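Down below is the structure, laid out as structure tokens.
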Amino acid sequence: MESVGALWQVANLEDCRRLESALVPNVGLSIFLTDRDCDGQRFPLLPRLQRLQSHFTELCGGYAPPVEGLGCYASQVNARSTEHTVVLTTYLPPRVSKAMRRRLLAAFVEFGRETRQELVLVVVGAFAYRLHFSPSTSGRLGHVVSAAEVA
């Protein structure tokens, strides 16, 4: 497990472990994808969305139609910004292997690293996991909240 988070410098490796262990059969899984990096610069979101849709199709059998709209994010480093956010949701199949959990986690971490995110929010069942990528947030290890707190 260390190799996924440590290789891509996720600041909160414990959340990676918790997220991976939360990926159990027949549970809902959502990832929040934004079109801005940690400096507020836009990047093309569509290719990343399509890559995650492909992962969800291969590993989980499909995904729900993406939900999208403008969201607001207040960074610890930068002022509040408005960003286009897409929520991609799937349901894990009746059998979830360790390899599948690792591939999903790696896809989430890759999105965060590749697009220079401060954090990537993933909701599994009723819990939200924040994967932090910015060194300024590395002190918030093990931060898990109820999905209701995210809404």
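Labeling convention for the structure tokens: chains A, B, ... as they appear, residues from 1 per chain, ligands from 1 in order of appearance.
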Test item: residues at most 7 Å from segment 49-60 of chain A, only C-alpha atoms, excluding those fewer than 5 positions along its chain, as a VMD selection string = chain A and resid 90 to 93 100
Limited to N, CA and C atoms, could you put the picked residues into a file as an mmCIF file, in the first residue's frame?
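Result file is result-v4.cif:
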data_model
loop_
_atom_site.group_PDB
_atom_site.id
_atom_site.type_symbol
_atom_site.label_atom_id
_atom_site.label_comp_id
_atom_site.auth_asym_id
_atom_site.auth_seq_id
_atom_site.Cartn_x
_atom_site.Cartn_y
_atom_site.Cartn_z
ATOM 1 N N THR A 90 -20.165 4.988 -9.038
ATOM 2 C CA THR A 90 -20.350 3.596 -9.419
ATOM 3 C C THR A 90 -20.710 2.808 -8.166
ATOM 4 N N TYR A 91 -20.998 1.555 -8.334
ATOM 5 C CA TYR A 91 -21.226 0.649 -7.212
ATOM 6 C C TYR A 91 -20.269 -0.516 -7.370
ATOM 7 N N LEU A 92 -19.622 -0.863 -6.279
ATOM 8 C CA LEU A 92 -18.670 -1.964 -6.348
ATOM 9 C C LEU A 92 -19.416 -3.277 -6.534
ATOM 10 N N PRO A 93 -18.822 -4.195 -7.280
ATOM 11 C CA PRO A 93 -19.482 -5.470 -7.574
ATOM 12 C C PRO A 93 -19.535 -6.384 -6.336
ATOM 13 N N MET A 100 -8.207 -5.151 -7.270
ATOM 14 C CA MET A 100 -9.187 -4.155 -7.709
ATOM 15 C C MET A 100 -9.126 -2.920 -6.807
#
message = Considering only C-alpha atoms, can you say which of A:Arg18, A:Arg95, A:Arg42, A:Arg48 comes closest to Ala107 of chain A?
response =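 That would be A:Arg48, the residue with the smallest distance to Ala107 of chain A.
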Option closest in space to Leu13 of chain A, from A:Ala106, A:Glu114, A:Gly69, A:His132 [counting only C-alpha atoms] =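 The answer is A:His132, which sits nearest to Leu13 of chain A.
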task = Find, counting only C-alpha atoms, the residue in A:Tyr73, A:Phe127, A:Glu110, A:Leu33 that gets nearest to Val86 of chain A.
result =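 Going through A:Tyr73, A:Phe127, A:Glu110, A:Leu33 one by one, the smallest distance to Val86 of chain A is for A:Leu33.
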request  = Skip Ser81 of chain A itself and residues of its chain fewer than 5 positions away, then list as a PyMOL selection string all residues within 12 Å of it, counting only C-alpha atoms.
outcome  = chain A and resi 34-42+70-76
request  = Pick out the closest residue to Ser97 of chain A from this set: A:Thr115, A:Ser21, A:Leu45, A:Val27. Count only C-alpha atoms.
outcome  =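 Once distances to Ser97 of chain A are computed over only C-alpha atoms, the minimum belongs to A:Ser21.
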query = Excluding same-chain residues fewer than 4 positions from Phe133 of chain A, what lies within 7 Å of it counting only C-alpha atoms, as a VMD selection string?
reply = chain A and resid 9 to 11 117 to 119
